[in-house]
Amino acid sequence: MSEEKSLNFIEEIIEEDLKNGKYKSILTRFPPEPNGYLHIGHAKSICLNFGLGLKYGGKTNLRFDDTNPVTEETEYVDSIKEDIKWLGFNWAEELYTSDYFDKLYNYAVDLINKGLAYVDDSTAEEIAAMKGTPTEPGKDNQYRSRTIEENLTLFTDMKAGKYKDGEKVLRAKIDMQHTNMLMRDPIIYRIKHAHHHRSGSTWCIYPMYDFAHGQSDSIENITHSICTLEFIPHRELYDWLIEKLEIFPSHQYEFARLSMTYTVMSKRKLLQLVNDNHVTGWDDPRMPTLSAFRRKGYTPESIRTFCDKIGVAKRENFIDLSLLEFCLREDLNPKALRVMAVLDPVKLIIDNYEEDKVEEMESENGPDEALGKRSLPFSKELWIEREDFMEEPAKKWFRLAPGSMVRLKSAYIVKCESFIKDAEGNVTEIHCNYIPESRSNNDTSGISVKGTIHWVSAAHAVNAEVRLYDRLFTVENPLGEEGDFKDTINPNSLQIITNAVVEPSLKQATAASRYQFIRKGYFCLDKDSTAEKLVFNRTVTLKDAWAKGSEEKLKDKFMMLSALADSFFIRQFYVWKDRS
RNA sequence: UGGGUUAUGGUGUAAAGGUAGCACAACAGAUUUUGAUUCUGUUUGUCUAGGUUCGAAUCCUAGUAACCCAACCA
């Protein structure tokens with residue numbers, strides 16, 4: 001009995017098209033411009049387009065929309081392909097709009113011959129001035145009435161390189177008074193004497209997006225051309241060109257792009273973060289790019305699940321980062337290898353443990369028994385997490401404190417007997433006694449303790465650098481703030497710990513593995529890691545009910561109580577005042 | 001002062017005139033050798049005002065709000 005998932009509006013359109021025989025099968029496309037790295041917002045589009053192809057037995061092309069040679073580079077082509085493959089999708093064909101430059105040129109000539117396009121000698125400023133505004137209609141200019149022959153000659157000359165950049169453009173002849181600004185004789189070809197990453201110097205005129213995208217869809221017989229909401233006004237032009245050119249009628253459908261809390265999604269802004277060195281590069285794990293998520297340890301599965309859960313609709317949306325993290329943890333929890341690592345080490349000494357004794361403790365590698373077990377060296381001196389000891393324990397404190405007992409994970413129960421502080425008041429040593437009968441899997445002590453903490457044997461510990469990442473911005477919507485979005489950058493988005501200690505088994509850590517540092521979070525090896533120096537990235541923290549309870553909750557409770565108290569006293573004051 | 005698009009809990013997303021559901025978040029509890037996981041429960045919603053109807057998130061009318069459109073970018 002499987003619950004049928006409801007269809008999104010695009011799936012409904014496709015099912016209808018398939019049912020009534022409009023198409024026998026569907027063909028979608030993912031059309032990135034190779035001028036930047038793909039981000040999580042693109043993942044939504046990729047999952048949508050490729051997902052549709054898969055779901056309805058159709059296909060999906062990868063088409064690079066490379067009509068602007070000055071911003072596009074092969075570096076980006078390569079990274080885009082890598083990211084799509086990493087996400088787990090395969091394109092039917094790898095195509096480039098630049099493959100169609102000849103066809104596109106002929107379409108333009110066709111339009112001129114039909115009297116539907118003209119060469120305009122105006123400057124960019126003049127064109128803008130004559131275009132009007134959203135509330136005022138535009139005006140025709142003198143070039144609009146050129147003859148077909150004249151236009152043909154001029155356009156041929158444009159192609160031949162007789163003119164400089166910006167000297168002339170080719171425009172579609174539609175309607176300067178149109179309520180849709182895009183229909184006011186849009187520019188369809190411009191002159192750019194620039195090197196193109198694929199066609200080299202073959203061309204010095206390049207089609208605009210509007211004169212390339214729809215036609216490319218049509219050339220490929222794309223049935224459903226899916227793009228984001230801001231292209232809605234373009235659809236009218238898209239349809240007009242297909243109609244006038246009398247070519248295969250692809251159709252455009254628009255969905256709302258992804259916005260997410262605590263990040264920005266525009267390529268321009270991401271580029272700024274890179275150029276201004278707020279991050280170390282496009283794959284800095286704090287970035288929302290796919291290469292950054294990959295480096296940080298995210299799995300493609302988790303991103304696909306996320307894209308599935310956020311849905312596809314036409315209304316603007318603002319997704320909680322916590323949903324992405326939920327999908328990640330859900331994927332990682334069953335498969336991450338459990339290991340012990342101490343990020344902020346403090347020495348724990350077991351006074352009643354034999355000096356040079358080393359015991360091998362068995363510990364599970366994960367919740368799934370198939371992951372097996374490993375053995376961990378245990379000895380008299382251990383490293384434990386500084387935050388797992390409290391000199392004056394808080395209420396409901398389960399961990400170490402003077403006189404209290406905890407279980408050392410997969411080892412013994414210990415009782416804190418004393419501790420030593422340095423001149424600055426920092427705890428330097430915690431002294432305990434262990435309960436010999438309490439050894440894990442063989443506990444006959446009869447003692448039960450609330451808290452279990454992780455540890456690493458000091459003599460066997462391996463040093464590591466650990467990079468803790470937090471959200472890049474301090475506010476949910478950096479663009480919603482007054483001033484520059486960069487003002488809300490989180491100064492603590494990266495914390496580098498150079499003196500972490502990890503269990504010896506991690507010397508064999510692999511880049512492909514995902515680890516859970518018990519009680520700390522999910523981690524993976526960073527590409528900077530070497531045999532001499534291990535470097536781990538925190539992929540995501542574990543949920544932490546204790547931290548939440550002790551900080552925000554207490555603060556909230558305090559605020560609420562003080563507000564209640566305030567209103568109580570104010571009320572009492574008026575009662576008192578009224579009486580007197 | 002134009003045109004287009006969208007309005008359902010805090011955030012997303014369903015319900016195609018007939019029980020407002022699901023997920024995340026939040027909160028409470030149970031279990032736990034990870035204060036994780038798991039399990040159970042709770043809170044919170046149809047933009048507004050009218051109308052049609054036995055019955056409206058859904059249909060009608062009038063408003064309101066948000067977003068997009070004035071690059072030789074895509």
# chains A, B, ... in the order shown; residues from 1 in each chain; ligands from 1
call {"tool": "closest_atom_pairs", "arguments": {"of": "chain B", "to": "chain A", "cutoff": "12 Å", "atoms": "only C-alpha atoms (C1' of nucleotides)", "output": "JSON lines"}}
result
{"residue": "B:U1", "atom": "C1'", "partner": "A:Thr135", "partner_atom": "CA", "distance": 6.7}
{"residue": "B:G2", "atom": "C1'", "partner": "A:Thr135", "partner_atom": "CA", "distance": 4.1}
{"residue": "B:G3", "atom": "C1'", "partner": "A:Thr179", "partner_atom": "CA", "distance": 5.3}
{"residue": "B:G4", "atom": "C1'", "partner": "A:Pro233", "partner_atom": "CA", "distance": 6.7}
{"residue": "B:U5", "atom": "C1'", "partner": "A:Ile232", "partner_atom": "CA", "distance": 7.9}
{"residue": "B:U6", "atom": "C1'", "partner": "A:Arg315", "partner_atom": "CA", "distance": 5.2}
{"residue": "B:A7", "atom": "C1'", "partner": "A:Arg315", "partner_atom": "CA", "distance": 8.1}
{"residue": "B:G10", "atom": "C1'", "partner": "A:Asp320", "partner_atom": "CA", "distance": 10.1}
{"residue": "B:U11", "atom": "C1'", "partner": "A:Asp320", "partner_atom": "CA", "distance": 5.9}
{"residue": "B:G12", "atom": "C1'", "partner": "A:Ile310", "partner_atom": "CA", "distance": 5.9}
{"residue": "B:U13", "atom": "C1'", "partner": "A:Gly311", "partner_atom": "CA", "distance": 6.4}
{"residue": "B:A14", "atom": "C1'", "partner": "A:Ser6", "partner_atom": "CA", "distance": 7.0}
{"residue": "B:A15", "atom": "C1'", "partner": "A:Ser6", "partner_atom": "CA", "distance": 9.7}
{"residue": "B:A16", "atom": "C1'", "partner": "A:Glu12", "partner_atom": "CA", "distance": 11.7}
{"residue": "B:G21", "atom": "C1'", "partner": "A:Ser6", "partner_atom": "CA", "distance": 11.8}
{"residue": "B:C22", "atom": "C1'", "partner": "A:Lys5", "partner_atom": "CA", "distance": 10.1}
{"residue": "B:A23", "atom": "C1'", "partner": "A:Lys309", "partner_atom": "CA", "distance": 7.4}
{"residue": "B:C24", "atom": "C1'", "partner": "A:Leu323", "partner_atom": "CA", "distance": 5.3}
{"residue": "B:A25", "atom": "C1'", "partner": "A:Ser322", "partner_atom": "CA", "distance": 7.6}
{"residue": "B:A26", "atom": "C1'", "partner": "A:Lys553", "partner_atom": "CA", "distance": 11.0}
{"residue": "B:C27", "atom": "C1'", "partner": "A:Lys553", "partner_atom": "CA", "distance": 10.7}
{"residue": "B:U32", "atom": "C1'", "partner": "A:Lys450", "partner_atom": "CA", "distance": 9.8}
{"residue": "B:U33", "atom": "C1'", "partner": "A:Lys409", "partner_atom": "CA", "distance": 5.8}
{"residue": "B:U34", "atom": "C1'", "partner": "A:Arg519", "partner_atom": "CA", "distance": 4.9}
{"residue": "B:G35", "atom": "C1'", "partner": "A:Trp546", "partner_atom": "CA", "distance": 5.2}
{"residue": "B:A36", "atom": "C1'", "partner": "A:Leu542", "partner_atom": "CA", "distance": 6.3}
{"residue": "B:U37", "atom": "C1'", "partner": "A:Asn333", "partner_atom": "CA", "distance": 7.5}
{"residue": "B:U38", "atom": "C1'", "partner": "A:Pro367", "partner_atom": "CA", "distance": 11.3}
{"residue": "B:A66", "atom": "C1'", "partner": "A:Glu316", "partner_atom": "CA", "distance": 9.0}
{"residue": "B:C67", "atom": "C1'", "partner": "A:Glu316", "partner_atom": "CA", "distance": 7.4}
{"residue": "B:C68", "atom": "C1'", "partner": "A:Glu230", "partner_atom": "CA", "distance": 5.6}
{"residue": "B:C69", "atom": "C1'", "partner": "A:Met181", "partner_atom": "CA", "distance": 6.7}
{"residue": "B:A70", "atom": "C1'", "partner": "A:Thr133", "partner_atom": "CA", "distance": 4.5}
{"residue": "B:A71", "atom": "C1'", "partner": "A:Ala124", "partner_atom": "CA", "distance": 9.6}
{"residue": "B:C72", "atom": "C1'", "partner": "A:Arg190", "partner_atom": "CA", "distance": 5.4}
{"residue": "B:C73", "atom": "C1'", "partner": "A:Asn68", "partner_atom": "CA", "distance": 8.0}
{"residue": "B:A74", "atom": "C1'", "partner": "A:Tyr209", "partner_atom": "CA", "distance": 6.3}
call {"tool": "residues_around", "arguments": {"residues": "Val540 (chain A)", "least_positions_apart": "2", "cutoff": "9 Å", "atoms": "only C-alpha atoms (C1' of nucleotides)", "output": "PyMOL selection string"}}
result
chain A and resi 296-298+325+328-329+468-470+521-523+537-538+542
call {"tool": "write_last_selection", "arguments": {"atoms": "C-alpha atoms", "output": "PDB file, in the first residue's frame"}}
result
ATOM      1  CA  LYS A 296      32.205  19.911   3.373  1.00  0.00           C
ATOM      2  CA  GLY A 297      31.051  16.314   3.295  1.00  0.00           C
ATOM      3  CA  TYR A 298      27.474  16.569   2.086  1.00  0.00           C
ATOM      4  CA  GLU A 325      20.609  19.676   7.543  1.00  0.00           C
ATOM      5  CA  LEU A 328      21.885  15.343   5.554  1.00  0.00           C
ATOM      6  CA  ARG A 329      21.736  13.854   9.045  1.00  0.00           C
ATOM      7  CA  LEU A 468      34.322  23.895  12.324  1.00  0.00           C
ATOM      8  CA  TYR A 469      32.017  25.694   9.955  1.00  0.00           C
ATOM      9  CA  ASP A 470      29.008  27.729  10.892  1.00  0.00           C
ATOM     10  CA  GLY A 521      28.988  15.853  14.682  1.00  0.00           C
ATOM     11  CA  TYR A 522      29.645  14.468  11.251  1.00  0.00           C
ATOM     12  CA  PHE A 523      33.068  14.990   9.757  1.00  0.00           C
ATOM     13  CA  ASN A 537      35.854  19.310   8.076  1.00  0.00           C
ATOM     14  CA  ARG A 538      32.749  19.390  10.173  1.00  0.00           C
ATOM     15  CA  LEU A 542      24.588  16.636  15.832  1.00  0.00           C
TER      16      LEU A 542
END
call {"tool": "atom_distance", "arguments": {"atom1": "CA of Glu362 (chain A)", "atom2": "CA of Ala341 (chain A)"}}
result
16.0 Å
call {"tool": "select_by_dssp", "arguments": {"residues": "region 45-115 of chain A", "states": "strand (DSSP E)", "output": "PyMOL selection string"}}
result
chain A and resi 59-64+94-96
call {"tool": "select_by_dssp", "arguments": {"residues": "region 45-150 of chain A", "states": "helix (DSSP H, G or I)", "output": "PyMOL selection string"}}
result
chain A and resi 45-55+74-87+97-113+124-130+142-145+148-150
call {"tool": "write_last_selection", "arguments": {"atoms": "C-alpha atoms", "output": "short mmCIF file (atom, residue, chain, number, x, y, z; two decimals), in the first residue's frame"}}
result
data_model
loop_
_atom_site.label_atom_id
_atom_site.label_comp_id
_atom_site.auth_asym_id
_atom_site.auth_seq_id
_atom_site.Cartn_x
_atom_site.Cartn_y
_atom_site.Cartn_z
CA SER A 45 16.62 22.86 -11.25
CA ILE A 46 18.86 19.90 -12.03
CA CYS A 47 16.80 17.55 -9.89
CA LEU A 48 13.63 18.90 -11.48
CA ASN A 49 14.75 18.61 -15.10
CA PHE A 50 16.62 15.33 -14.84
CA GLY A 51 14.04 13.96 -12.43
CA LEU A 52 11.27 14.62 -14.93
CA GLY A 53 13.21 12.88 -17.69
CA LEU A 54 13.71 9.86 -15.46
CA LYS A 55 10.18 9.77 -14.12
CA THR A 74 35.97 26.38 -19.92
CA GLU A 75 36.84 26.13 -16.22
CA TYR A 76 33.19 26.62 -15.46
CA VAL A 77 32.08 24.09 -18.08
CA ASP A 78 34.20 21.46 -16.36
CA SER A 79 33.01 22.22 -12.86
CA ILE A 80 29.37 22.20 -13.98
CA LYS A 81 29.74 18.79 -15.57
CA GLU A 82 31.46 17.44 -12.49
CA ASP A 83 28.74 18.75 -10.20
CA ILE A 84 25.89 17.27 -12.24
CA LYS A 85 27.61 13.89 -12.34
CA TRP A 86 28.28 14.09 -8.62
CA LEU A 87 24.61 14.73 -7.99
CA THR A 97 24.25 27.04 -27.83
CA SER A 98 27.44 27.94 -29.69
CA ASP A 99 26.89 24.76 -31.73
CA TYR A 100 23.90 26.56 -33.24
CA PHE A 101 25.54 29.87 -34.14
CA ASP A 102 25.16 29.18 -37.88
CA LYS A 103 21.51 28.18 -37.55
CA LEU A 104 20.81 31.11 -35.31
CA TYR A 105 22.39 33.47 -37.82
CA ASN A 106 20.17 32.04 -40.56
CA TYR A 107 17.11 32.46 -38.34
CA ALA A 108 18.02 36.12 -38.00
CA VAL A 109 18.35 36.48 -41.77
CA ASP A 110 14.99 34.77 -42.09
CA LEU A 111 13.47 37.30 -39.73
CA ILE A 112 14.95 40.19 -41.74
CA ASN A 113 13.54 38.71 -44.93
CA ALA A 124 22.90 51.84 -25.99
CA GLU A 125 21.76 55.06 -24.30
CA GLU A 126 19.60 56.08 -27.25
CA ILE A 127 17.98 52.67 -27.37
CA ALA A 128 17.26 52.80 -23.67
CA ALA A 129 15.79 56.29 -23.96
CA MET A 130 13.46 55.31 -26.81
CA GLN A 142 14.39 56.26 -37.84
CA TYR A 143 16.20 52.93 -38.33
CA ARG A 144 13.04 50.96 -37.80
CA SER A 145 11.90 51.68 -41.35
CA ILE A 148 14.87 44.52 -46.09
CA GLU A 149 17.76 44.85 -48.55
CA GLU A 150 19.48 47.49 -46.49
#
call {"tool": "closest_residue", "arguments": {"among": "A:Leu18, A:Ile40, A:Ile350, A:Glu429", "to": "Ala292 (chain A)", "atoms": "only C-alpha atoms"}}
result
A:Ile40
